[in-house]
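K.L.:
A single structure is presented below for examination.
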Amino acid sequence: MSMILTIADLKDLARRRVPKMFFDYADSGGWTESTYRANEEDFQKIKFRQRVLVDMSNRSLESTMIGEKVAMPVALAPTGMTGMQHPDGEMLAAQAAEEFGVPFTLSTMSICSIEDVASVTKKPFWFQLYVLRDKDFVLNLIDRAKAAKCSALVLTLDLQILGQRHKDIRNGLSAPPRFTPKHIWQMATRPGWCIGMAGTQRRTFRNIVGHAKGVGDLTSLSSWTTEQFDPHLSWKDVAWIKERWGGKLILKGILDKEDALMAAKTGADAIIVSNHGGRQLDGAPSSIEVLEEIADAVGDTIEVHMDGGIRSGQDVLKALCLGAKGTYIGRPFLYGLGALGKDGVTKALEIIRKEMDITLALCGKRLVTDMGKDQLRR
Ligand code: GLV
């Protein structure tokens with residue numbers, strides 16, 4: 001554990017411990033994966049101003065996201081099939097986030113259910129909603145999140161239909177896994193994962209199976225989303241979802257200034273500048289490329305968050321400098337989870353915290369909330 005110094009180290013270990021189809025599910029983007037790559041690469045083009053001889057004592061990374069105190073402005077992003085990276089993955093990641101003091105967001109497409117996560121956490125977590133054609137199911141899902149005392153609903157706007165990810169098709173991705181020779185081989189070469197999975201009942205999409213009409217086992221994520229996700233979703237739907245939910249609402253998947261201005265008018269509490277980790281529209285710009293113009297366009301009318309490509313504490317700080325009040329990590333915590341379970345998620349958060357703290361100091365700042373455009377060389 002001591003030689004794990006970066007998120008890339010966790011990724012290497014996860015690759016060795018997680019069956020290929022699930023590792024690849026996390027490590028994939030749409031079509032050519034150009035947007036997936038750009039999310040990471042565009043961060044490298046941004047440079048900090050190094051400052052010297054300023055008081056660097058008493059530094060703090062504390063901030064708020066949608067009014068909630070956070071130990072650092074880095075939430076765990078909603079990620080599908082997290083419980084396939086590691087048995088009971090969502091429950092473990094939620095506990096790690098809670099202990100660390102950052103928000104955990106549970107995906108609709110999770111393996112562990114809302115109720116599973118609520119049963120092992122003490123503080124409220126956030127719930128991400130996909131809108132399905134079956135409106136009764138959606139209403140029920142919102143009510144279940146309320147009953148579990150989730151403190152924010154994260155409504156995803158950019159996945160009315162699923163982008164094409166070649167790796168998933170080639171791997172024949174499914175949950176629970178199928179038992180073809182290829183899949184048996186992928187699992188047999190990861191014995192620790194198999195033993196863990198044999199010890200849990202949580203191996204399918206537990207928010208959905210048994211709750212949505214006519215859904216037994218969800219073998220194929222892509223065919224299921226094609227059948228079930230609502231391609232008619234429009235800005236009008238945001239109003240009834242907001243009304244039914246009645247709590248803090250975050251709109252995820254904004255990548256265009258005009259959409260950001262529309263989102264601000266809905267009365268939601270925050271937007272997430274996001275291209276879904278490069279998994280939807282390949283050829284779209286990276287999140288960090290469009291962040292500043294979106295933050296400038298909406299000004300103070302709505303809180304701005306971002307995700308996509310964050311692999312270090314430095315990336316978090318760059319996003320804050322360019323106008324984000326909060327950020328999300330998806331793959332970094334999944335790699336931690338796949339590598340070392342709950343301890344790996346904590347490790348991912350610790351790596352990011354340390355990188356943020358040292359960078360903050362070397363930029364001559366003591367408070368993370370003081371990072372702004374002035375700290376970047378431009
Ligand atoms: C689901 O949200 C996915 O991106 O696979």
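Simple scheme: letters A, B, ... for chains in structure tokens order, numbers from 1 for residues in each chain, numbers from 1 for ligands in the order shown.
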Around ligand 1, at most 10 Å away and counting only C-alpha atoms and all ligand atoms, which residues are there? Put them as a CSV table (one decimal) with N, CA, C and O atoms, in the first residue's frame, please.
P.N.:
chain,number,residue,atom,x,y,z
A,25,TYR,N,-15.0,-1.7,-18.6
A,25,TYR,CA,-16.3,-0.9,-18.5
A,25,TYR,C,-15.9,0.5,-17.9
A,25,TYR,O,-16.4,1.5,-18.4
A,26,ALA,N,-15.1,0.5,-16.9
A,26,ALA,CA,-14.7,1.7,-16.3
A,26,ALA,C,-13.8,2.5,-17.2
A,26,ALA,O,-13.9,3.7,-17.5
A,28,SER,N,-13.3,3.0,-20.3
A,28,SER,CA,-13.7,3.1,-21.7
A,28,SER,C,-14.4,4.4,-22.0
A,28,SER,O,-15.0,5.0,-21.1
A,29,GLY,N,-14.4,4.8,-23.3
A,29,GLY,CA,-15.1,6.0,-23.7
A,29,GLY,C,-15.9,5.6,-25.0
A,29,GLY,O,-15.9,4.5,-25.4
A,30,GLY,N,-16.7,6.6,-25.5
A,30,GLY,CA,-17.4,6.3,-26.7
A,30,GLY,C,-16.5,6.2,-27.9
A,30,GLY,O,-15.4,6.8,-27.9
A,78,PRO,N,-21.4,9.4,-9.6
A,78,PRO,CA,-22.3,8.2,-9.8
A,78,PRO,C,-21.6,7.4,-10.9
A,78,PRO,O,-21.4,7.9,-12.0
A,79,THR,N,-21.4,6.1,-10.7
A,79,THR,CA,-20.8,5.3,-11.7
A,79,THR,C,-21.6,4.0,-11.7
A,79,THR,O,-21.9,3.4,-10.7
A,80,GLY,N,-21.9,3.5,-12.9
A,80,GLY,CA,-22.7,2.3,-13.1
A,80,GLY,C,-21.9,1.0,-12.7
A,80,GLY,O,-20.6,1.0,-12.8
A,81,MET,N,-22.6,0.0,-12.2
A,81,MET,CA,-22.0,-1.3,-11.9
A,81,MET,C,-20.8,-1.3,-11.0
A,81,MET,O,-19.9,-2.1,-11.1
A,107,SER,N,-25.4,5.7,-8.2
A,107,SER,CA,-26.0,5.6,-9.5
A,107,SER,C,-27.3,4.8,-9.5
A,107,SER,O,-27.4,3.8,-8.8
A,108,THR,N,-28.3,5.2,-10.4
A,108,THR,CA,-29.4,4.4,-10.6
A,108,THR,C,-29.0,3.0,-11.1
A,108,THR,O,-29.5,2.0,-10.7
A,109,MET,N,-27.9,3.0,-11.9
A,109,MET,CA,-27.4,1.7,-12.5
A,109,MET,C,-26.4,1.0,-11.5
A,109,MET,O,-25.4,0.5,-12.0
A,110,SER,N,-26.6,1.1,-10.2
A,110,SER,CA,-25.7,0.5,-9.3
A,110,SER,C,-26.1,-0.9,-9.1
A,110,SER,O,-27.2,-1.4,-9.4
A,128,GLN,N,-28.2,9.6,-7.9
A,128,GLN,CA,-28.3,10.0,-9.3
A,128,GLN,C,-29.5,9.3,-10.0
A,128,GLN,O,-29.6,8.1,-9.9
A,130,TYR,N,-31.6,8.3,-13.4
A,130,TYR,CA,-31.9,8.2,-14.9
A,130,TYR,C,-33.4,8.1,-15.0
A,130,TYR,O,-34.1,7.5,-14.3
A,156,THR,N,-29.3,13.1,-14.4
A,156,THR,CA,-28.4,13.0,-15.5
A,156,THR,C,-29.2,13.3,-16.8
A,156,THR,O,-30.2,12.8,-17.1
A,158,ASP,N,-27.5,13.6,-20.0
A,158,ASP,CA,-26.8,13.4,-21.2
A,158,ASP,C,-26.8,11.9,-21.6
A,158,ASP,O,-26.0,11.4,-22.4
A,159,LEU,N,-27.8,11.1,-21.1
A,159,LEU,CA,-27.8,9.7,-21.5
A,159,LEU,C,-29.3,9.3,-21.7
A,159,LEU,O,-29.8,8.4,-21.0
A,162,LEU,N,-27.7,5.4,-25.1
A,162,LEU,CA,-26.4,5.1,-24.6
A,162,LEU,C,-25.4,5.3,-25.8
A,162,LEU,O,-25.7,4.9,-26.9
A,163,GLY,N,-24.3,6.0,-25.5
A,163,GLY,CA,-23.2,6.0,-26.5
A,163,GLY,C,-22.6,4.6,-26.7
A,163,GLY,O,-22.8,3.7,-25.9
A,164,GLN,N,-22.0,4.5,-27.9
A,164,GLN,CA,-21.4,3.2,-28.2
A,164,GLN,C,-20.0,3.0,-27.7
A,164,GLN,O,-19.1,3.8,-28.0
A,165,ARG,N,-19.8,2.1,-26.8
A,165,ARG,CA,-18.4,1.8,-26.2
A,165,ARG,C,-18.0,0.5,-26.8
A,165,ARG,O,-18.6,-0.6,-26.4
A,168,ASP,N,-17.1,-2.6,-24.4
A,168,ASP,CA,-18.2,-3.4,-23.8
A,168,ASP,C,-18.8,-4.4,-24.8
A,168,ASP,O,-19.2,-5.5,-24.4
A,221,LEU,N,-26.7,-4.4,-20.5
A,221,LEU,CA,-26.9,-3.0,-20.2
A,221,LEU,C,-27.4,-2.2,-21.4
A,221,LEU,O,-28.3,-1.4,-21.3
A,222,SER,N,-26.7,-2.5,-22.5
A,222,SER,CA,-27.0,-1.6,-23.7
A,222,SER,C,-28.4,-1.9,-24.2
A,222,SER,O,-29.2,-1.0,-24.5
A,225,THR,N,-31.0,-0.4,-21.7
A,225,THR,CA,-31.1,1.1,-21.8
A,225,THR,C,-31.9,1.5,-23.1
A,225,THR,O,-32.7,2.4,-23.0
A,275,ASN,N,-19.1,15.5,-19.7
A,275,ASN,CA,-19.4,14.8,-21.0
A,275,ASN,C,-19.5,13.3,-20.6
A,275,ASN,O,-19.2,12.5,-21.5
A,276,HIS,N,-19.9,13.0,-19.4
A,276,HIS,CA,-20.1,11.6,-19.0
A,276,HIS,C,-18.8,10.8,-19.1
A,276,HIS,O,-18.8,9.7,-19.5
A,277,GLY,N,-17.7,11.5,-18.7
A,277,GLY,CA,-16.4,10.8,-18.7
A,277,GLY,C,-16.0,10.4,-20.1
A,277,GLY,O,-15.3,9.4,-20.3
A,278,GLY,N,-16.5,11.1,-21.1
A,278,GLY,CA,-16.1,10.8,-22.5
A,278,GLY,C,-16.8,9.5,-23.0
A,278,GLY,O,-16.4,8.9,-24.0
A,279,ARG,N,-17.9,9.1,-22.4
A,279,ARG,CA,-18.6,7.9,-22.7
A,279,ARG,C,-19.8,8.0,-23.6
A,279,ARG,O,-20.3,7.1,-24.1
A,280,GLN,N,-20.2,9.3,-23.8
A,280,GLN,CA,-21.4,9.5,-24.6
A,280,GLN,C,-21.0,10.1,-26.0
A,280,GLN,O,-20.7,9.3,-26.9
K.L.:
Excluding Asp55 of chain A and any residue of its chain fewer than 4 positions from it, enumerate the residues within 12 Å of it, using only C-alpha atoms, and give them as a PyMOL selection string.
P.N.:
chain A and resi 51+59+360-367
K.L.:
Could you check which of A:Leu249, A:Ile358, A:Val18, A:Val345 is closest to Val154 of chain A, using only C-alpha atoms?
P.N.:
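Going through A:Leu249, A:Ile358, A:Val18, A:Val345 one by one, the smallest distance to Val154 of chain A is for A:Leu249.
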K.L.:
Please identify all polymer residues within 9 Å of Met84 of chain A, counting only C-alpha atoms, omitting same-chain residues fewer than 5 positions from it, and present them as a ChimeraX atom specification.
P.N.:
/A:18-19,22-23,89,111,175-176,197,203-204,338
K.L.:
Identify which of the residues A:Leu291, A:Ala239, A:Val298, A:Met65 lies closest to Thr266 of chain A, counting only C-alpha atoms when measuring atom-to-atom distances.
P.N.:
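Checking each of A:Leu291, A:Ala239, A:Val298, A:Met65 against Thr266 of chain A, counting only C-alpha atoms, the winner is A:Ala239.
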K.L.:
Let me make sure I understand: among A:Val273, A:Ile302, A:Ala339, A:Ala14, which one has the smallest atom-to-atom distance to Leu322 of chain A if we use only C-alpha atoms?
P.N.:
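Comparing A:Val273, A:Ile302, A:Ala339, A:Ala14 against Leu322 of chain A, the winner is A:Val273.
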K.L.:
So how far away is atom CA of Ile351 of chain A from atom CA of Gln44 of chain A, in Å?
P.N.:
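Distance reported for this atom pair: 18.0 Å.
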K.L.:
Mind the document's chain letters and residue numbers, and return as a PyMOL selection string the residues of segment 131-260 of chain A that DSSP labels strand (DSSP E).
P.N.:
chain A and resi 152-156+249-254
K.L.:
Check the DSSP output for the backbone and give back, as a ChimeraX atom specification, the residues of segment 181-304 of chain A in helix (DSSP H, G or I).
P.N.:
/A:181-188,191-198,221-228,235-245,257-265,276-278,287-298
K.L.:
Name the residues in contact with Lys257 of chain A at a cut-off of 8 Å, using only C-alpha atoms, excluding same-chain residues fewer than 5 positions from it; report them as a compact mmCIF listing (two decimals) with all heavy atoms, in the first residue's frame.
P.N.:
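What follows is the written file out.txt:
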# COMPACT_ATOMS: atom_id res chain seq x y z
N GLU A 293 -15.95 29.00 -19.78
CA GLU A 293 -16.98 29.79 -20.48
C GLU A 293 -18.36 29.52 -19.91
O GLU A 293 -19.20 30.41 -19.84
CB GLU A 293 -16.91 29.59 -22.01
CG GLU A 293 -17.51 28.32 -22.53
CD GLU A 293 -17.41 28.22 -24.07
OE1 GLU A 293 -16.30 28.38 -24.61
OE2 GLU A 293 -18.45 27.95 -24.70
N ILE A 294 -18.60 28.31 -19.43
CA ILE A 294 -19.90 28.03 -18.83
C ILE A 294 -20.02 28.73 -17.47
O ILE A 294 -21.04 29.37 -17.17
CB ILE A 294 -20.11 26.50 -18.69
CG1 ILE A 294 -20.29 25.89 -20.09
CG2 ILE A 294 -21.29 26.18 -17.77
CD1 ILE A 294 -20.49 24.39 -20.14
N ALA A 297 -20.64 32.29 -18.05
CA ALA A 297 -21.98 32.57 -18.60
C ALA A 297 -23.05 32.55 -17.51
O ALA A 297 -23.94 33.40 -17.49
CB ALA A 297 -22.33 31.56 -19.70
K.L.:
For Tyr328 of chain A, please output as a list in words all residues within 6 Å (counting only C-alpha atoms; exclusion window: fewer than 3 positions along the same chain).
P.N.:
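Neighbouring residues, sequence-local ones excluded: Val74, Ala75, Leu76, Ala77 and Asp307 of chain A.
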K.L.:
Residues as selected, N, CA and C atoms, written as a PDB file, in the first residue's frame, can you do that?
P.N.:
ATOM      1  N   VAL A  74     -14.471  17.489  -3.508  1.00  0.00           N
ATOM      2  CA  VAL A  74     -14.320  16.343  -4.420  1.00  0.00           C
ATOM      3  C   VAL A  74     -15.339  15.279  -4.014  1.00  0.00           C
ATOM      4  N   ALA A  75     -16.418  15.161  -4.783  1.00  0.00           N
ATOM      5  CA  ALA A  75     -17.426  14.138  -4.479  1.00  0.00           C
ATOM      6  C   ALA A  75     -17.121  12.878  -5.275  1.00  0.00           C
ATOM      7  N   LEU A  76     -17.662  11.751  -4.818  1.00  0.00           N
ATOM      8  CA  LEU A  76     -17.577  10.535  -5.633  1.00  0.00           C
ATOM      9  C   LEU A  76     -18.718  10.582  -6.647  1.00  0.00           C
ATOM     10  N   ALA A  77     -18.366  10.417  -7.907  1.00  0.00           N
ATOM     11  CA  ALA A  77     -19.340  10.521  -9.001  1.00  0.00           C
ATOM     12  C   ALA A  77     -20.224   9.273  -9.040  1.00  0.00           C
ATOM     13  N   ASP A 307     -16.975  17.346 -13.775  1.00  0.00           N
ATOM     14  CA  ASP A 307     -16.293  16.049 -13.705  1.00  0.00           C
ATOM     15  C   ASP A 307     -15.685  15.752 -15.064  1.00  0.00           C
TER      16      ASP A 307
END
K.L.:
Taking into account only C-alpha atoms, which residue in the set A:Glu258, A:Glu303, A:Asp343, A:Glu33 is nearest to Gly283 of chain A?
P.N.:
A:Glu33
K.L.:
Of the candidates A:Lys318, A:His232, A:Arg244, A:Arg37, which one gets nearest to Ala284 of chain A if we count only C-alpha atoms?
P.N.:
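Among the listed residues, the smallest separation from Ala284 of chain A belongs to A:Arg37.
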K.L.:
Could you give me, as a list in words, the residues within 10 Å of Lys325 of chain A, counting only C-alpha atoms and dropping anything in the same chain fewer than 6 positions from it?
P.N.:
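The residues satisfying every condition are Ser63, Thr64, Met65, Ile66, Pro73, Val74, Ala270, Ala295, Glu303, Val304, His305, Met306, Ala319 and Thr369 of chain A.
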K.L.:
Write a file of the just-selected residues containing all heavy atoms, as a CSV table (one decimal), in the first residue's frame.
P.N.:
chain,number,residue,atom,x,y,z
A,63,SER,N,-14.5,23.1,2.1
A,63,SER,CA,-15.3,24.0,1.3
A,63,SER,C,-16.8,23.6,1.5
A,63,SER,O,-17.1,22.8,2.4
A,63,SER,CB,-14.9,23.9,-0.1
A,63,SER,OG,-15.6,24.9,-0.9
A,64,THR,N,-17.6,24.0,0.6
A,64,THR,CA,-19.0,23.5,0.6
A,64,THR,C,-19.4,23.2,-0.9
A,64,THR,O,-18.9,23.7,-1.8
A,64,THR,CB,-20.0,24.6,1.1
A,64,THR,OG1,-19.9,25.7,0.3
A,64,THR,CG2,-19.8,25.0,2.5
A,65,MET,N,-20.3,22.2,-1.0
A,65,MET,CA,-20.9,21.9,-2.3
A,65,MET,C,-22.4,21.9,-2.0
A,65,MET,O,-22.9,21.2,-1.0
A,65,MET,CB,-20.5,20.5,-2.8
A,65,MET,CG,-19.0,20.6,-3.3
A,65,MET,SD,-18.4,18.9,-3.8
A,65,MET,CE,-19.2,18.6,-5.4
A,66,ILE,N,-23.2,22.6,-2.8
A,66,ILE,CA,-24.7,22.8,-2.5
A,66,ILE,C,-25.0,23.1,-1.0
A,66,ILE,O,-25.9,22.5,-0.5
A,66,ILE,CB,-25.6,21.7,-3.1
A,66,ILE,CG1,-25.2,20.3,-2.7
A,66,ILE,CG2,-25.6,21.8,-4.7
A,66,ILE,CD1,-26.3,19.3,-2.8
A,73,PRO,N,-13.5,19.8,-1.9
A,73,PRO,CA,-14.5,19.8,-2.9
A,73,PRO,C,-14.4,18.7,-4.0
A,73,PRO,O,-14.3,19.0,-5.1
A,73,PRO,CB,-14.5,21.2,-3.4
A,73,PRO,CG,-13.1,21.7,-3.2
A,73,PRO,CD,-12.5,20.9,-2.0
A,74,VAL,N,-14.5,17.5,-3.5
A,74,VAL,CA,-14.3,16.3,-4.4
A,74,VAL,C,-15.3,15.3,-4.0
A,74,VAL,O,-15.1,14.6,-3.0
A,74,VAL,CB,-12.9,15.7,-4.3
A,74,VAL,CG1,-12.7,14.6,-5.3
A,74,VAL,CG2,-11.8,16.8,-4.5
A,270,ALA,N,-27.4,23.2,-8.7
A,270,ALA,CA,-26.1,23.2,-9.3
A,270,ALA,C,-26.2,22.5,-10.6
A,270,ALA,O,-27.1,21.7,-10.9
A,270,ALA,CB,-25.1,22.4,-8.4
A,295,ALA,N,-19.0,28.7,-16.7
A,295,ALA,CA,-19.0,29.3,-15.4
A,295,ALA,C,-19.2,30.8,-15.5
A,295,ALA,O,-20.0,31.4,-14.8
A,295,ALA,CB,-17.7,29.0,-14.6
A,303,GLU,N,-24.8,27.2,-8.9
A,303,GLU,CA,-23.4,26.7,-8.6
A,303,GLU,C,-22.9,25.8,-9.7
A,303,GLU,O,-23.7,25.0,-10.3
A,303,GLU,CB,-23.6,25.9,-7.3
A,303,GLU,CG,-22.3,25.6,-6.6
A,303,GLU,CD,-22.4,25.1,-5.2
A,303,GLU,OE1,-23.0,25.8,-4.3
A,303,GLU,OE2,-22.0,24.0,-4.9
A,304,VAL,N,-21.6,25.8,-10.0
A,304,VAL,CA,-21.1,25.0,-11.1
A,304,VAL,C,-20.1,24.0,-10.5
A,304,VAL,O,-19.2,24.3,-9.7
A,304,VAL,CB,-20.3,26.0,-12.1
A,304,VAL,CG1,-19.6,25.1,-13.2
A,304,VAL,CG2,-21.2,27.0,-12.7
A,305,HIS,N,-20.4,22.7,-10.9
A,305,HIS,CA,-19.5,21.6,-10.6
A,305,HIS,C,-18.9,21.1,-11.9
A,305,HIS,O,-19.5,21.4,-12.9
A,305,HIS,CB,-20.2,20.5,-9.8
A,305,HIS,CG,-20.9,20.9,-8.5
A,305,HIS,ND1,-21.7,20.1,-7.8
A,305,HIS,CD2,-20.7,22.1,-7.8
A,305,HIS,CE1,-22.1,20.8,-6.7
A,305,HIS,NE2,-21.5,21.9,-6.7
A,306,MET,N,-17.9,20.2,-11.8
A,306,MET,CA,-17.4,19.6,-13.0
A,306,MET,C,-16.9,18.2,-12.7
A,306,MET,O,-16.5,17.9,-11.6
A,306,MET,CB,-16.4,20.4,-13.7
A,306,MET,CG,-15.0,20.4,-13.2
A,306,MET,SD,-14.0,19.0,-13.7
A,306,MET,CE,-13.6,19.4,-15.4
A,319,ALA,N,-9.6,22.9,-11.9
A,319,ALA,CA,-11.0,23.1,-12.1
A,319,ALA,C,-11.6,24.2,-11.2
A,319,ALA,O,-12.4,25.0,-11.6
A,319,ALA,CB,-11.8,21.8,-11.9
A,369,THR,N,-10.5,27.7,-1.0
A,369,THR,CA,-11.6,28.6,-1.5
A,369,THR,C,-11.0,29.9,-2.1
A,369,THR,O,-11.7,30.6,-2.7
A,369,THR,CB,-12.5,28.9,-0.4
A,369,THR,OG1,-11.8,29.2,0.8
A,369,THR,CG2,-13.5,27.7,-0.1
K.L.:
Quick one: everything within 12 Å of Pro191 of chain A, counting only C-alpha atoms, minus sequence neighbours fewer than 4 positions away in the same chain. Send it as an NGL selection string.
P.N.:
:A and (16-19 or 184-187 or 195-198)
K.L.:
Please, could you write that set of residues out with N, CA, C and O atoms as a PDB file, in the first residue's frame?
P.N.:
ATOM      1  N   ARG A  16      -5.128  -5.709 -12.488  1.00  0.00           N
ATOM      2  CA  ARG A  16      -4.720  -7.084 -12.143  1.00  0.00           C
ATOM      3  C   ARG A  16      -5.752  -7.814 -11.288  1.00  0.00           C
ATOM      4  O   ARG A  16      -5.713  -9.028 -11.168  1.00  0.00           O
ATOM      5  N   ARG A  17      -6.671  -7.075 -10.671  1.00  0.00           N
ATOM      6  CA  ARG A  17      -7.592  -7.724  -9.730  1.00  0.00           C
ATOM      7  C   ARG A  17      -9.038  -7.839 -10.206  1.00  0.00           C
ATOM      8  O   ARG A  17      -9.820  -8.603  -9.635  1.00  0.00           O
ATOM      9  N   VAL A  18      -9.408  -7.043 -11.199  1.00  0.00           N
ATOM     10  CA  VAL A  18     -10.810  -6.997 -11.633  1.00  0.00           C
ATOM     11  C   VAL A  18     -10.939  -7.708 -12.986  1.00  0.00           C
ATOM     12  O   VAL A  18     -10.110  -7.473 -13.870  1.00  0.00           O
ATOM     13  N   PRO A  19     -11.935  -8.581 -13.165  1.00  0.00           N
ATOM     14  CA  PRO A  19     -12.105  -9.223 -14.480  1.00  0.00           C
ATOM     15  C   PRO A  19     -12.168  -8.175 -15.606  1.00  0.00           C
ATOM     16  O   PRO A  19     -12.752  -7.097 -15.425  1.00  0.00           O
ATOM     17  N   ILE A 184     -15.793 -17.014 -18.220  1.00  0.00           N
ATOM     18  CA  ILE A 184     -15.286 -17.873 -17.133  1.00  0.00           C
ATOM     19  C   ILE A 184     -13.774 -17.666 -16.998  1.00  0.00           C
ATOM     20  O   ILE A 184     -13.250 -17.513 -15.900  1.00  0.00           O
ATOM     21  N   TRP A 185     -13.094 -17.575 -18.140  1.00  0.00           N
ATOM     22  CA  TRP A 185     -11.648 -17.350 -18.111  1.00  0.00           C
ATOM     23  C   TRP A 185     -11.329 -15.998 -17.452  1.00  0.00           C
ATOM     24  O   TRP A 185     -10.456 -15.895 -16.582  1.00  0.00           O
ATOM     25  N   GLN A 186     -12.053 -14.968 -17.854  1.00  0.00           N
ATOM     26  CA  GLN A 186     -11.786 -13.623 -17.286  1.00  0.00           C
ATOM     27  C   GLN A 186     -11.942 -13.630 -15.771  1.00  0.00           C
ATOM     28  O   GLN A 186     -11.195 -12.964 -15.044  1.00  0.00           O
ATOM     29  N   MET A 187     -12.919 -14.396 -15.291  1.00  0.00           N
ATOM     30  CA  MET A 187     -13.154 -14.415 -13.841  1.00  0.00           C
ATOM     31  C   MET A 187     -12.174 -15.343 -13.132  1.00  0.00           C
ATOM     32  O   MET A 187     -11.667 -15.014 -12.063  1.00  0.00           O
ATOM     33  N   ILE A 195     -13.954 -15.067  -5.168  1.00  0.00           N
ATOM     34  CA  ILE A 195     -14.282 -15.471  -3.792  1.00  0.00           C
ATOM     35  C   ILE A 195     -15.166 -14.400  -3.151  1.00  0.00           C
ATOM     36  O   ILE A 195     -16.183 -14.694  -2.525  1.00  0.00           O
ATOM     37  N   GLY A 196     -14.796 -13.147  -3.346  1.00  0.00           N
ATOM     38  CA  GLY A 196     -15.598 -12.043  -2.800  1.00  0.00           C
ATOM     39  C   GLY A 196     -17.020 -12.058  -3.348  1.00  0.00           C
ATOM     40  O   GLY A 196     -17.997 -11.911  -2.615  1.00  0.00           O
ATOM     41  N   MET A 197     -17.133 -12.248  -4.649  1.00  0.00           N
ATOM     42  CA  MET A 197     -18.458 -12.227  -5.280  1.00  0.00           C
ATOM     43  C   MET A 197     -19.316 -13.404  -4.810  1.00  0.00           C
ATOM     44  O   MET A 197     -20.536 -13.274  -4.685  1.00  0.00           O
ATOM     45  N   ALA A 198     -18.643 -14.533  -4.553  1.00  0.00           N
ATOM     46  CA  ALA A 198     -19.400 -15.695  -4.076  1.00  0.00           C
ATOM     47  C   ALA A 198     -19.972 -15.408  -2.686  1.00  0.00           C
ATOM     48  O   ALA A 198     -20.966 -16.008  -2.279  1.00  0.00           O
TER      49      ALA A 198
END
K.L.:
Find, counting only C-alpha atoms, the residue in A:Leu155, A:Ala260, A:Val52, A:Cys112 that gets nearest to Val209 of chain A.
P.N.:
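Checking each candidate against Val209 of chain A, we get A:Cys112 as the closest.
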